[in-house]
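Data file: model21.cif. Format and content: mmCIF, C-alpha atoms.
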data_start
#
loop_
_atom_site.label_atom_id
_atom_site.label_comp_id
_atom_site.auth_asym_id
_atom_site.auth_seq_id
_atom_site.Cartn_x
_atom_site.Cartn_y
_atom_site.Cartn_z
CA MET A 40 81.75 93.40 92.99
CA GLU A 41 80.59 91.26 90.09
CA GLN A 42 82.87 90.61 87.12
CA ASN A 43 80.26 92.18 84.84
CA ALA A 44 80.69 95.52 86.57
CA ILE A 45 84.44 95.46 85.88
CA GLU A 46 83.89 94.42 82.27
CA ASN A 47 81.36 97.17 81.73
CA TYR A 48 83.65 99.79 83.25
CA LEU A 49 86.63 98.69 81.12
CA ALA A 50 84.47 98.67 78.00
CA GLU A 51 82.98 102.11 78.66
CA HIS A 52 86.06 103.99 79.84
CA PHE A 53 89.01 102.16 78.26
CA HIS A 54 87.32 100.60 75.21
CA ILE A 55 88.57 97.13 76.06
CA SER A 56 86.53 94.32 74.55
CA LYS A 57 85.17 91.30 76.41
CA THR A 58 87.34 89.17 74.13
CA VAL A 59 90.50 90.72 75.56
CA ILE A 60 89.25 90.69 79.15
CA ASP A 61 88.28 87.00 78.98
CA PHE A 62 91.63 86.12 77.36
CA VAL A 63 93.60 87.84 80.15
CA GLU A 64 91.47 86.26 82.89
CA LYS A 65 91.94 82.83 81.31
CA SER A 66 95.70 83.37 81.07
CA GLU A 67 95.84 84.43 84.72
CA LYS A 68 94.00 81.33 85.91
CA GLN A 69 96.61 79.20 84.15
CA ILE A 70 99.39 80.60 86.37
CA GLU A 71 97.64 80.98 89.74
CA ASP A 72 100.17 78.73 91.50
CA LYS A 73 103.10 80.74 90.15
CA LEU A 74 101.56 84.04 91.23
CA ALA A 75 101.24 82.74 94.80
CA HIS A 76 105.04 82.36 95.00
CA TRP A 77 105.50 86.12 94.77
CA ASP A 78 102.99 86.74 97.55
CA HIS A 79 104.96 84.43 99.86
CA LEU A 80 108.30 86.03 98.94
CA ALA A 81 106.87 89.49 99.59
CA GLU A 82 105.87 88.42 103.10
CA TYR A 83 109.37 87.08 103.80
CA HIS A 84 111.04 90.33 102.70
CA GLN A 85 108.46 92.45 104.50
CA PHE A 86 109.40 90.78 107.76
CA LYS A 87 113.12 91.32 107.03
CA VAL A 88 112.61 95.03 106.38
CA ILE A 89 110.54 95.49 109.56
CA GLN A 90 113.16 93.66 111.63
CA ALA A 91 115.97 95.81 110.19
CA MET A 92 114.06 98.99 111.03
CA GLN A 93 113.45 97.76 114.55
CA LYS A 94 117.12 96.86 115.02
CA ALA A 95 118.05 100.38 113.95
CA ASN A 96 115.67 101.79 116.60
CA LEU A 97 114.00 103.82 113.88
CA SER A 98 112.27 106.83 115.39
CA ASP A 99 110.51 110.02 114.39
CA ARG A 100 113.72 111.93 115.02
CA HIS A 101 115.31 110.14 112.04
CA PHE A 102 112.89 111.89 109.70
CA HIS A 103 114.05 115.41 110.53
CA PRO A 104 115.78 117.14 107.58
CA SER A 105 119.41 118.10 107.52
CA THR A 106 120.79 120.99 105.47
CA GLY A 107 124.12 122.38 104.35
CA TYR A 108 126.90 119.87 104.88
CA GLY A 109 124.55 117.36 106.45
CA TYR A 110 126.97 116.43 109.24
CA ASP A 111 125.69 113.99 111.89
CA ASP A 112 122.51 113.19 109.96
CA GLU A 113 121.01 110.43 112.11
CA GLY A 114 118.31 109.64 109.57
CA ARG A 115 120.84 109.12 106.81
CA GLU A 116 122.92 106.86 109.03
CA ALA A 117 119.88 104.82 110.07
CA THR A 118 118.76 104.46 106.45
CA GLU A 119 122.13 103.14 105.39
CA ALA A 120 122.26 100.72 108.31
CA ILE A 121 118.81 99.39 107.37
CA PHE A 122 119.76 98.88 103.73
CA ALA A 123 122.98 97.11 104.74
CA ASP A 124 121.10 94.83 107.12
CA VAL A 125 118.39 93.84 104.63
CA PHE A 126 120.88 93.34 101.81
CA GLY A 127 123.22 91.27 104.00
CA CYS A 128 126.36 93.39 103.70
CA GLU A 129 128.77 95.42 105.82
CA ALA A 130 127.86 98.92 104.64
CA ALA A 131 125.66 100.90 102.30
CA LEU A 132 125.63 104.34 100.73
CA VAL A 133 122.03 105.52 100.15
CA ARG A 134 121.81 109.07 98.89
CA PRO A 135 119.51 111.43 97.01
CA GLN A 136 122.67 112.85 95.43
CA ILE A 137 122.95 109.61 93.40
CA THR A 138 120.85 110.53 90.39
CA CYS A 139 120.17 107.13 88.77
CA GLY A 140 121.32 103.52 88.48
CA THR A 141 124.00 104.40 85.93
CA HIS A 142 125.36 107.01 88.35
CA ALA A 143 125.45 104.49 91.20
CA ILE A 144 127.30 101.99 89.00
CA SER A 145 129.76 104.66 87.88
CA LEU A 146 130.59 105.48 91.51
CA CYS A 147 131.62 101.87 92.01
CA LEU A 148 133.76 101.65 88.88
CA TYR A 149 135.41 105.05 89.18
CA GLY A 150 135.80 104.58 92.94
CA ILE A 151 137.62 101.24 92.70
CA LEU A 152 139.48 101.22 89.39
CA ARG A 153 142.82 102.96 88.79
CA PRO A 154 144.92 103.60 85.65
CA GLY A 155 146.28 100.34 84.29
CA ASP A 156 143.60 98.20 85.96
CA GLU A 157 141.43 95.86 83.92
CA LEU A 158 137.65 95.79 84.14
CA LEU A 159 136.33 92.43 82.97
CA ALA A 160 132.61 92.12 82.17
CA ILE A 161 131.65 88.44 82.29
CA SER A 162 127.96 88.74 81.39
CA GLY A 163 128.43 90.11 77.89
CA ASP A 164 127.59 93.67 76.96
CA PRO A 165 126.92 96.01 79.89
CA TYR A 166 123.82 98.17 79.56
CA ASP A 167 124.04 100.89 76.89
CA THR A 168 124.57 103.84 79.24
CA VAL A 169 127.21 101.92 81.22
CA ARG A 170 129.13 101.10 78.05
CA THR A 171 129.13 104.82 77.31
CA PHE A 172 130.84 105.91 80.54
CA ILE A 173 133.24 102.98 80.30
CA GLY A 174 134.13 104.09 76.77
CA ALA A 175 133.89 100.46 75.68
CA ASN A 176 133.88 101.21 71.95
CA GLY A 177 135.50 104.61 72.05
CA GLU A 178 132.20 106.30 72.94
CA GLU A 179 132.52 109.80 74.37
CA LYS A 180 136.31 109.67 73.91
CA GLY A 181 138.03 112.51 75.70
CA LYS A 182 135.04 113.25 77.92
CA GLY A 183 136.19 111.45 81.06
CA THR A 184 135.34 107.82 80.38
CA LEU A 185 137.14 105.05 82.21
CA THR A 186 139.22 104.24 79.14
CA ASP A 187 140.28 107.91 79.02
CA PHE A 188 141.79 107.36 82.46
CA GLY A 189 143.73 104.28 81.36
CA VAL A 190 141.37 101.54 82.53
CA HIS A 191 141.37 98.54 80.20
CA PHE A 192 138.00 97.00 79.38
CA SER A 193 137.35 93.44 78.24
CA GLN A 194 134.21 91.33 78.10
CA ILE A 195 133.30 87.67 77.92
CA GLU A 196 129.97 86.53 76.55
CA LEU A 197 127.59 84.27 78.41
CA LYS A 198 127.14 80.77 77.05
CA PRO A 199 124.11 80.24 74.76
CA ASN A 200 122.17 78.81 77.73
CA GLY A 201 122.73 82.03 79.70
CA VAL A 202 125.34 80.82 82.22
CA PHE A 203 128.88 82.07 82.72
CA ASP A 204 131.66 80.73 80.52
CA ASP A 205 133.91 79.48 83.32
CA ALA A 206 136.75 78.34 81.06
CA GLN A 207 136.99 81.70 79.27
CA ILE A 208 136.71 83.67 82.50
CA MET A 209 139.38 81.74 84.39
CA ALA A 210 141.73 81.78 81.39
CA HIS A 211 141.37 85.56 81.06
CA LEU A 212 141.81 86.61 84.70
CA SER A 213 145.26 87.97 85.59
CA GLU A 214 147.06 90.20 88.07
CA LYS A 215 145.83 93.23 86.10
CA THR A 216 142.15 92.29 86.55
CA LYS A 217 140.97 94.56 89.32
CA MET A 218 137.21 94.14 88.93
CA VAL A 219 134.83 91.56 87.50
CA TYR A 220 131.56 93.12 86.34
CA ILE A 221 128.27 91.20 86.35
CA GLN A 222 124.99 92.62 85.05
CA ARG A 223 122.20 90.69 86.70
CA SER A 224 119.37 92.07 84.58
CA THR A 225 118.76 91.46 80.90
CA GLY A 226 119.20 95.09 79.87
CA TYR A 227 118.34 95.37 76.19
CA SER A 228 119.35 91.81 75.38
CA TRP A 229 117.40 88.63 74.69
CA ARG A 230 118.41 86.55 77.68
CA LYS A 231 117.13 85.61 81.09
CA ALA A 232 118.41 87.56 84.05
CA ILE A 233 121.28 85.84 85.80
CA THR A 234 120.14 83.77 88.75
CA LEU A 235 121.44 84.34 92.24
CA SER A 236 122.70 80.75 92.43
CA GLU A 237 124.71 81.30 89.24
CA ILE A 238 126.20 84.50 90.68
CA GLN A 239 127.11 82.62 93.87
CA ARG A 240 128.72 79.80 91.90
CA ILE A 241 130.95 82.05 89.78
CA CYS A 242 131.92 84.16 92.79
CA GLN A 243 133.17 81.06 94.58
CA LYS A 244 135.08 79.90 91.52
CA ILE A 245 136.77 83.25 90.90
CA LYS A 246 137.62 83.83 94.56
CA SER A 247 139.18 80.37 94.88
CA LYS A 248 142.00 81.46 92.55
CA TRP A 249 141.82 85.26 92.57
CA PRO A 250 140.66 86.31 96.06
CA GLU A 251 141.73 89.94 95.59
CA VAL A 252 139.57 90.56 92.53
CA VAL A 253 136.59 92.79 93.32
CA ILE A 254 133.34 91.23 92.07
CA PHE A 255 130.76 93.89 91.31
CA VAL A 256 127.09 93.27 90.45
CA ASP A 257 124.81 95.72 88.68
CA ASN A 258 121.73 94.83 90.72
CA CYS A 259 119.23 97.13 88.96
CA TYR A 260 115.78 95.51 88.66
CA GLY A 261 116.84 92.56 90.83
CA GLU A 262 116.17 93.56 94.44
CA PHE A 263 113.75 91.43 96.50
CA LEU A 264 113.50 88.68 93.85
CA ASP A 265 115.24 86.02 95.92
CA GLU A 266 115.80 85.37 99.59
CA LYS A 267 119.19 87.09 99.44
CA GLU A 268 121.04 89.67 97.36
CA PRO A 269 124.36 89.24 95.48
CA VAL A 270 126.50 90.72 98.25
CA ALA A 271 125.18 88.06 100.62
CA VAL A 272 126.28 85.19 98.35
CA GLY A 273 129.83 86.18 97.45
CA ALA A 274 129.88 89.46 95.53
CA ASP A 275 131.93 92.30 97.02
CA LEU A 276 129.85 95.24 95.87
CA MET A 277 126.55 96.03 94.16
CA ALA A 278 124.58 99.07 93.13
CA GLY A 279 121.07 100.04 92.09
CA SER A 280 118.51 102.79 91.71
CA LEU A 281 115.85 103.89 94.17
CA ILE A 282 113.42 104.67 91.36
CA LYS A 283 113.45 100.96 90.63
CA ASN A 284 112.68 98.11 93.05
CA PRO A 285 113.99 99.32 96.44
CA GLY A 286 112.30 102.71 96.29
CA GLY A 287 108.88 101.07 96.32
CA GLY A 288 107.47 103.68 93.96
CA LEU A 289 107.84 106.43 96.58
CA ALA A 290 111.50 107.45 96.43
CA PRO A 291 111.58 110.55 94.20
CA THR A 292 115.25 110.11 93.28
CA GLY A 293 118.40 108.45 94.57
CA GLY A 294 120.47 105.32 94.38
CA TYR A 295 122.49 102.99 96.56
CA VAL A 296 125.83 101.22 96.75
CA ALA A 297 126.20 98.27 99.13
CA GLY A 298 128.90 95.77 100.02
CA ARG A 299 132.25 95.60 101.78
CA SER A 300 132.77 98.63 103.99
CA ASP A 301 136.19 99.53 102.53
CA LEU A 302 134.80 99.47 98.99
CA VAL A 303 131.70 101.47 99.92
CA ALA A 304 134.02 104.07 101.47
CA LEU A 305 135.89 104.40 98.16
CA CYS A 306 132.58 104.91 96.37
CA ALA A 307 131.65 107.60 98.90
CA ASN A 308 134.96 109.31 98.13
CA ARG A 309 133.99 109.39 94.48
CA LEU A 310 130.52 110.77 95.29
CA ALA A 311 131.94 113.55 97.51
CA ALA A 312 135.74 113.76 97.80
CA PRO A 313 138.59 111.90 99.55
CA GLY A 314 138.71 113.07 103.14
CA ILE A 315 134.98 113.79 103.13
CA GLY A 316 133.57 110.48 101.94
CA GLY A 317 130.16 109.66 103.32
CA GLU A 318 130.24 112.16 106.18
CA THR A 319 128.39 114.86 104.25
CA GLY A 320 125.26 115.00 102.12
CA ALA A 321 122.17 116.78 103.39
CA THR A 322 118.98 114.74 103.13
CA LEU A 323 116.65 117.78 103.05
CA GLY A 324 113.75 115.83 104.53
CA ILE A 325 113.78 112.93 102.08
CA THR A 326 114.61 110.22 104.63
CA ARG A 327 111.00 109.48 105.56
CA THR A 328 110.10 108.93 101.90
CA PHE A 329 113.14 106.70 101.29
CA LEU A 330 112.23 104.51 104.25
CA GLN A 331 108.52 104.41 103.46
CA GLY A 332 109.39 103.32 99.95
CA PHE A 333 111.80 100.67 101.21
CA PHE A 334 109.15 99.48 103.66
CA GLN A 335 106.62 98.81 100.92
CA ALA A 336 109.13 97.72 98.26
CA PRO A 337 108.67 93.95 98.89
CA TYR A 338 104.94 94.23 98.14
CA VAL A 339 105.39 96.53 95.15
CA VAL A 340 108.03 94.25 93.64
CA SER A 341 105.73 91.25 94.05
CA GLN A 342 102.98 93.13 92.21
CA ALA A 343 105.35 93.94 89.36
CA MET A 344 106.47 90.31 89.17
CA LYS A 345 102.91 89.01 89.02
CA THR A 346 102.23 91.38 86.15
CA ALA A 347 105.43 90.38 84.31
CA LEU A 348 104.48 86.73 84.63
CA LEU A 349 100.97 87.40 83.32
CA VAL A 350 102.29 89.41 80.36
CA GLY A 351 104.64 86.54 79.52
CA LYS A 352 101.85 83.98 79.72
CA ALA A 353 99.41 86.03 77.65
CA TYR A 354 101.81 86.76 74.83
CA LYS A 355 103.15 83.22 74.83
CA ASN A 356 99.58 81.96 74.47
CA LEU A 357 99.38 84.10 71.34
CA GLY A 358 102.54 82.58 69.88
CA PHE A 359 104.98 85.43 70.52
CA PRO A 360 108.46 84.49 71.79
CA VAL A 361 108.87 85.71 75.38
CA CYS A 362 111.88 85.94 77.68
CA PRO A 363 111.95 84.78 80.40
CA ASP A 364 109.58 81.95 79.62
CA VAL A 365 106.64 81.31 81.91
CA ASP A 366 108.32 78.43 83.72
CA ASP A 367 111.74 80.08 84.03
CA TYR A 368 113.28 81.25 87.28
CA ARG A 369 113.07 85.04 87.34
CA SER A 370 115.85 87.29 88.54
CA ASP A 371 114.65 90.72 87.41
CA ILE A 372 111.28 92.41 86.92
CA ILE A 373 111.56 92.67 83.12
CA GLN A 374 109.38 90.72 80.68
CA SER A 375 110.58 90.78 77.08
CA VAL A 376 108.27 90.11 74.15
CA ARG A 377 109.60 89.72 70.63
CA LEU A 378 107.03 91.47 68.44
CA GLY A 379 109.14 91.41 65.27
CA ASP A 380 107.75 94.62 63.80
CA PRO A 381 108.72 98.24 64.56
CA LYS A 382 105.14 99.48 64.24
CA ALA A 383 103.92 96.78 66.65
CA VAL A 384 106.51 97.98 69.17
CA GLU A 385 105.18 101.54 68.88
CA VAL A 386 101.56 100.38 69.23
CA PHE A 387 102.46 98.33 72.33
CA CYS A 388 104.28 101.19 74.05
CA GLN A 389 101.58 103.71 73.16
CA ALA A 390 98.96 101.38 74.66
CA VAL A 391 100.91 101.11 77.91
CA GLN A 392 101.11 104.91 77.99
CA LYS A 393 97.32 105.06 77.69
CA ALA A 394 97.08 102.98 80.87
CA ALA A 395 99.13 105.51 82.84
CA PRO A 396 97.72 107.67 85.65
CA VAL A 397 100.09 110.46 84.58
CA ASP A 398 100.53 111.74 81.00
CA SER A 399 98.09 109.19 79.61
CA PHE A 400 97.35 111.66 76.78
CA VAL A 401 100.97 111.62 75.58
CA THR A 402 101.94 109.57 72.51
CA PRO A 403 105.46 108.13 72.92
CA VAL A 404 107.60 107.93 69.78
CA PRO A 405 111.17 106.72 69.19
CA TRP A 406 113.84 109.37 69.80
CA ASP A 407 117.59 109.73 70.17
CA MET A 408 118.14 109.40 73.90
CA PRO A 409 121.53 110.26 75.45
CA GLY A 410 123.71 107.17 75.91
CA TYR A 411 121.98 105.00 73.27
CA ASP A 412 123.17 104.22 69.75
CA VAL A 413 119.68 103.79 68.22
CA PRO A 414 116.37 105.59 68.76
CA VAL A 415 114.50 104.36 71.84
CA ILE A 416 110.77 104.47 72.56
CA MET A 417 109.68 104.73 76.17
CA ALA A 418 106.20 104.55 77.68
CA ALA A 419 106.30 105.80 81.24
CA GLY A 420 103.37 107.73 82.63
CA ALA A 421 104.75 107.65 86.15
CA PHE A 422 104.44 109.72 89.31
CA ILE A 423 108.26 109.72 89.47
CA GLN A 424 109.99 110.62 86.21
CA GLY A 425 111.76 107.56 84.80
CA SER A 426 110.53 105.29 87.57
CA SER A 427 110.68 101.81 86.06
CA ILE A 428 109.15 100.12 89.10
CA GLU A 429 106.02 101.93 87.93
CA LEU A 430 104.27 100.52 84.87
CA SER A 431 106.45 101.14 81.84
CA ALA A 432 107.56 99.69 78.53
CA ASP A 433 110.45 100.58 76.30
CA ALA A 434 112.41 99.31 73.34
CA PRO A 435 115.45 100.17 71.24
CA MET A 436 114.26 100.42 67.64
CA ARG A 437 116.38 97.67 66.18
CA GLU A 438 115.77 94.16 64.93
CA PRO A 439 114.26 91.81 65.99
CA TYR A 440 112.07 94.50 67.61
CA ILE A 441 111.72 93.41 71.21
CA VAL A 442 109.66 95.35 73.73
CA TYR A 443 110.68 95.35 77.41
CA PHE A 444 107.79 95.57 79.86
CA GLN A 445 108.31 96.17 83.56
CA GLY A 446 106.85 97.53 86.76
CA GLY A 447 103.40 98.27 88.04
CA LEU A 448 102.83 99.46 91.61
CA THR A 449 99.71 97.31 91.70
CA HIS A 450 98.83 94.18 89.78
CA ALA A 451 95.50 95.74 88.72
CA HIS A 452 97.37 98.56 86.99
CA GLY A 453 99.66 96.05 85.31
CA LYS A 454 96.66 94.11 84.01
CA LEU A 455 95.20 97.29 82.57
CA GLY A 456 98.43 97.93 80.67
CA LEU A 457 98.42 94.36 79.38
CA MET A 458 94.77 94.52 78.27
CA LEU A 459 95.24 97.83 76.47
CA SER A 460 98.33 96.50 74.67
CA LEU A 461 96.36 93.48 73.46
CA GLN A 462 93.38 95.59 72.44
CA GLU A 463 95.50 98.09 70.49
CA LEU A 464 97.50 95.34 68.75
CA MET A 465 94.26 93.57 67.83
CA ASP A 466 92.70 96.79 66.53
CA SER A 467 95.86 97.44 64.48
CA GLY A 468 95.83 93.96 62.94
CA PHE A 469 98.91 92.58 64.66
CA ILE A 470 96.84 90.07 66.68
CA LEU A 471 93.93 88.14 65.22
CA LYS A 472 90.74 88.11 67.26
CA GLU A 473 90.47 84.37 66.55
CA LYS A 474 93.67 83.77 68.50
CA LEU A 475 92.27 85.51 71.55
CA ASN A 476 89.14 83.39 71.33
CA ALA A 477 91.01 80.11 70.87
#
What do you get writing this file as structure tokens?
Amino acid sequence: MEQNAIENYLAEHFHISKTVIDFVEKSEKQIEDKLAHWDHLAEYHQFKVIQAMQKANLSDRHFHPSTGYGYDDEGREATEAIFADVFGCEAALVRPQITCGTHAISLCLYGILRPGDELLAISGDPYDTVRTFIGANGEEKGKGTLTDFGVHFSQIELKPNGVFDDAQIMAHLSEKTKMVYIQRSTGYSWRKAITLSEIQRICQKIKSKWPEVVIFVDNCYGEFLDEKEPVAVGADLMAGSLIKNPGGGLAPTGGYVAGRSDLVALCANRLAAPGIGGETGATLGITRTFLQGFFQAPYVVSQAMKTALLVGKAYKNLGFPVCPDVDDYRSDIIQSVRLGDPKAVEVFCQAVQKAAPVDSFVTPVPWDMPGYDVPVIMAAGAFIQGSSIELSADAPMREPYIVYFQGGLTHAHGKLGLMLSLQELMDSGFILKEKLNA
């Protein structure tokens, strides 16, 4: 198909100008070598997933639904063995009963920590909804937060260059420190995601003096972005959501916990009950979808990463601060753009919504979402509600007004979202046409 045909279609049906199309194509050509990296990494992980499924002797019988208690669910057991194999750990808990990433993280913290224990976050502020169930600032006091149960919470900020503050961490650790908490992704902060090599380095340092401390990693948005995962380089436990990277855009719900088998068992006790643990939990026919999603997750993640890189390059070319920068190592799928204006944030998110296959007619506006201390705007016209591996953009409405762009099951869809955001910002006067033509 000729480029003119694409340009004509975009102009007629999406009202995207040739100026915007040419600007995006030019930006993409400037990063062709970087985009190829994600194709190669997708191949590597694809082979790993296939091998894990073969080792588990995956068969049609594993797709049969279980009901009621879900005892002896072979499909569930095979799924968890496959996740553990690919992630390089002893055990995994992969369940539709885990409702989201925050829920998966809470299973780990509530499952491991006991009254009087200290939880030490060493990557600064945990994500907003995690701070809420911790009760970090007295949020939701009396409603069952960790601090309600006598867990002590402390945090240490990252250094200005985004690495761990070793001196502060080692000085703070004590016999009361039961768990060290690391958030790999940026969350709603202006920093690069923490690299796997940096996680490995701090794990080795902590374990050399405090081998009994449990090191937990919030791995949301980080799966399949390096050759290994945090549990394979020194962390004891990690958790994530299946409507993010590892669900491949197909998992309709669910989350996972993975790591040391004794710790995963404690998390299973929290999900069900002590004495029951991971032995129950009907899958109701969802196993096939979980495994299909996991099978295609390496490719889907690579598509999202190529889009994130292109968004970063395009907006950097226009003079907007972006994080991570184009040449930075990437450890999550999120691309942040500092727009500096609340109205520009709304225009950006509304443009991304217009690119959606689902609910494209909806106009997102900031609103008071549960677990957040400021209004949040979210653009997410997804097949799976809240699926942030699908094309989405969101932002807390606070200075300096940063929008967080992520996902895209295909790179073509991601490019459409990018082009519409540029077109809408240009039409609204936030981007000068001359800059796109430069």
Item to check | Selection result of the PyMOL selection byres ((chain A and resi 59) around 10) on this file, as a list of chain:residue names | outcome: A:Ile55, A:Ser56, A:Lys57, A:Thr58, A:Ile60, A:Asp61, A:Phe62, A:Val63, A:Glu64, A:Lys65, A:Leu457, A:Met458, A:Leu459, A:Ser460, A:Leu461, A:Gln462, A:Met465, A:Lys472, A:Leu475, A:Asn476
Which residues match the PyMOL selection byres ((chain A and resi 273) around 12) in the file above, as a compact mmCIF listing (two decimals) with C-alpha atoms, in the coordinates of the input?
# COMPACT_ATOMS: atom_id res chain seq x y z
CA GLY A 127 123.22 91.27 104.00
CA CYS A 128 126.36 93.39 103.70
CA LEU A 235 121.44 84.34 92.24
CA SER A 236 122.70 80.75 92.43
CA GLU A 237 124.71 81.30 89.24
CA ILE A 238 126.20 84.50 90.68
CA GLN A 239 127.11 82.62 93.87
CA ARG A 240 128.72 79.80 91.90
CA ILE A 241 130.95 82.05 89.78
CA CYS A 242 131.92 84.16 92.79
CA GLN A 243 133.17 81.06 94.58
CA LYS A 244 135.08 79.90 91.52
CA ILE A 245 136.77 83.25 90.90
CA LYS A 246 137.62 83.83 94.56
CA SER A 247 139.18 80.37 94.88
CA PRO A 250 140.66 86.31 96.06
CA VAL A 252 139.57 90.56 92.53
CA VAL A 253 136.59 92.79 93.32
CA ILE A 254 133.34 91.23 92.07
CA PHE A 255 130.76 93.89 91.31
CA VAL A 256 127.09 93.27 90.45
CA LYS A 267 119.19 87.09 99.44
CA GLU A 268 121.04 89.67 97.36
CA PRO A 269 124.36 89.24 95.48
CA VAL A 270 126.50 90.72 98.25
CA ALA A 271 125.18 88.06 100.62
CA VAL A 272 126.28 85.19 98.35
CA ALA A 274 129.88 89.46 95.53
CA ASP A 275 131.93 92.30 97.02
CA LEU A 276 129.85 95.24 95.87
CA MET A 277 126.55 96.03 94.16
CA GLY A 298 128.90 95.77 100.02
CA ARG A 299 132.25 95.60 101.78
Item to check | Selection under test: the PyMOL selection byres ((chain A and resi 278) around 7); residues as a PyMOL selection string | outcome: chain A and resi 143-144+256-258+277+279+295-297
Item to check | Shortest interatomic distance to Arg377 of chain A - which of A:Thr118, A:Thr234, A:Ser228, A:Ser427, counting only C-alpha atoms | outcome: A:Ser228
All residues 9 Å or closer to Cys306 of chain A, only C-alpha atoms, same chain fewer than 5 positions away omitted, as a PDB file with C-alpha atoms, in the frame of the given file:
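Contents of part.pdb, freshly written:
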ATOM      1  CA  LEU A 132     125.630 104.340 100.730  1.00  0.00           C
ATOM      2  CA  ALA A 143     125.450 104.490  91.200  1.00  0.00           C
ATOM      3  CA  SER A 145     129.760 104.660  87.880  1.00  0.00           C
ATOM      4  CA  LEU A 146     130.590 105.480  91.510  1.00  0.00           C
ATOM      5  CA  CYS A 147     131.620 101.870  92.010  1.00  0.00           C
ATOM      6  CA  LEU A 148     133.760 101.650  88.880  1.00  0.00           C
ATOM      7  CA  TYR A 149     135.410 105.050  89.180  1.00  0.00           C
ATOM      8  CA  GLY A 150     135.800 104.580  92.940  1.00  0.00           C
ATOM      9  CA  ILE A 151     137.620 101.240  92.700  1.00  0.00           C
ATOM     10  CA  VAL A 296     125.830 101.220  96.750  1.00  0.00           C
ATOM     11  CA  ASP A 301     136.190  99.530 102.530  1.00  0.00           C
ATOM     12  CA  ALA A 311     131.940 113.550  97.510  1.00  0.00           C
ATOM     13  CA  GLY A 316     133.570 110.480 101.940  1.00  0.00           C
ATOM     14  CA  GLY A 317     130.160 109.660 103.320  1.00  0.00           C
TER      15      GLY A 317
END
Next on the checklist: Would you pick out the contacts of Lys87 of chain A at 10 Å or less, using only C-alpha atoms, so that residues sharing its chain but fewer than 5 positions from it are not included, and give the list as a PyMOL selection string?
Outcome noted: chain A and resi 81-82+92-93+121+124-126+266+334+337
Give me, as CSV, the closest atom pair and its distance (Å, one decimal) for every residue of segment 122-204 of chain A within a cut-off of 9 Å of segment 411-415 of chain A, counting all atoms listed in the file, rows sorted by chain and rising number.
residue,atom,partner,partner_atom,distance
A:Asp167,CA,A:Tyr411,CA,5.9
A:Thr168,CA,A:Tyr411,CA,6.6
A:Thr171,CA,A:Tyr411,CA,8.2
Item to check | Which residue of A:Ala451, A:Val361, A:Val384, A:Leu289 approaches Ala336 of chain A most closely, using all atoms listed in the file | outcome: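 Using all atoms listed in the file, the shortest distance to Ala336 of chain A belongs to A:Leu289.
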Next on the checklist: Residues within 8 Å of Ala95 of chain A, please, as a list in words. Count all atoms listed in the file; anything in the same chain fewer than 4 positions from it doesn't count.
Outcome noted: Ala91, Ala117, Ala120 and Ile121 of chain A
Expected file contents, prior selection, C-alpha atoms, as an mmCIF file, keeping the file's coordinate frame:
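Heads up, here's the output in part_31.cif:
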data_model
loop_
_atom_site.group_PDB
_atom_site.id
_atom_site.type_symbol
_atom_site.label_atom_id
_atom_site.label_comp_id
_atom_site.auth_asym_id
_atom_site.auth_seq_id
_atom_site.Cartn_x
_atom_site.Cartn_y
_atom_site.Cartn_z
ATOM 1 C CA ALA A 91 115.970 95.810 110.190
ATOM 2 C CA ALA A 117 119.880 104.820 110.070
ATOM 3 C CA ALA A 120 122.260 100.720 108.310
ATOM 4 C CA ILE A 121 118.810 99.390 107.370
#
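A straight line drawn from atom CA of Gly320 of chain A to atom CA of Val303 of chain A is 15.1 Å long.
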Item to check | Exercise: Gly293 of chain A partners within 10 Å, only C-alpha atoms, chain neighbours under 5 positions left out, as a list in words | outcome: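 In the requested format, the answer is Val133, Arg134, Pro135, Gln136, Ile137, Thr138, Cys139, Gly140, His142, Ala143, Gly279, Ser280, Leu281, Ile282, Lys283, Gly286, Ile325 and Phe329 of chain A.
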Next on the checklist: Between A:Tyr338, A:Trp229, A:Phe469, A:Phe102, which residue has the minimum interatomic distance to Phe263 of chain A, considering all atoms listed in the file?
Outcome noted: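 Among A:Tyr338, A:Trp229, A:Phe469, A:Phe102, it is A:Tyr338 that comes nearest to Phe263 of chain A.
Between atom CA of Met218 of chain A and atom CA of Ile373 of chain A the interatomic distance comes to 26.3 Å.
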Next on the checklist: Measuring between all atoms listed in the file, which one of A:Ala307, A:Ile173, A:Ile372, A:Ala123 shows the shortest distance to Ala232 of chain A?
Outcome noted: A:Ile372
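Distances from A:Glu113, A:Ala419, A:Tyr443, A:Gln85 to Arg100 of chain A were compared using all atoms listed in the file, and the smallest one belongs to A:Glu113.
Here atom CA of Gly287 of chain A is placed at a distance of 25.4 Å from atom CA of Asp364 of chain A.
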Would you compute, for all listed atoms of segment 125-128 of chain A, the axis-aligned bounding box grown by 5 Å on each side, and then report its centre and edge lengths in Å rounded to one decimal, as AutoDock Vina command-line options?
--center_x 122.4 --center_y 92.6 --center_z 103.2 --size_x 18.0 --size_y 12.6 --size_z 12.8
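Of the listed residues A:Asn284, A:Thr292, A:Thr225, A:Ser193, the one whose atoms come nearest to Leu430 of chain A is A:Asn284, with distances taken using all atoms listed in the file.
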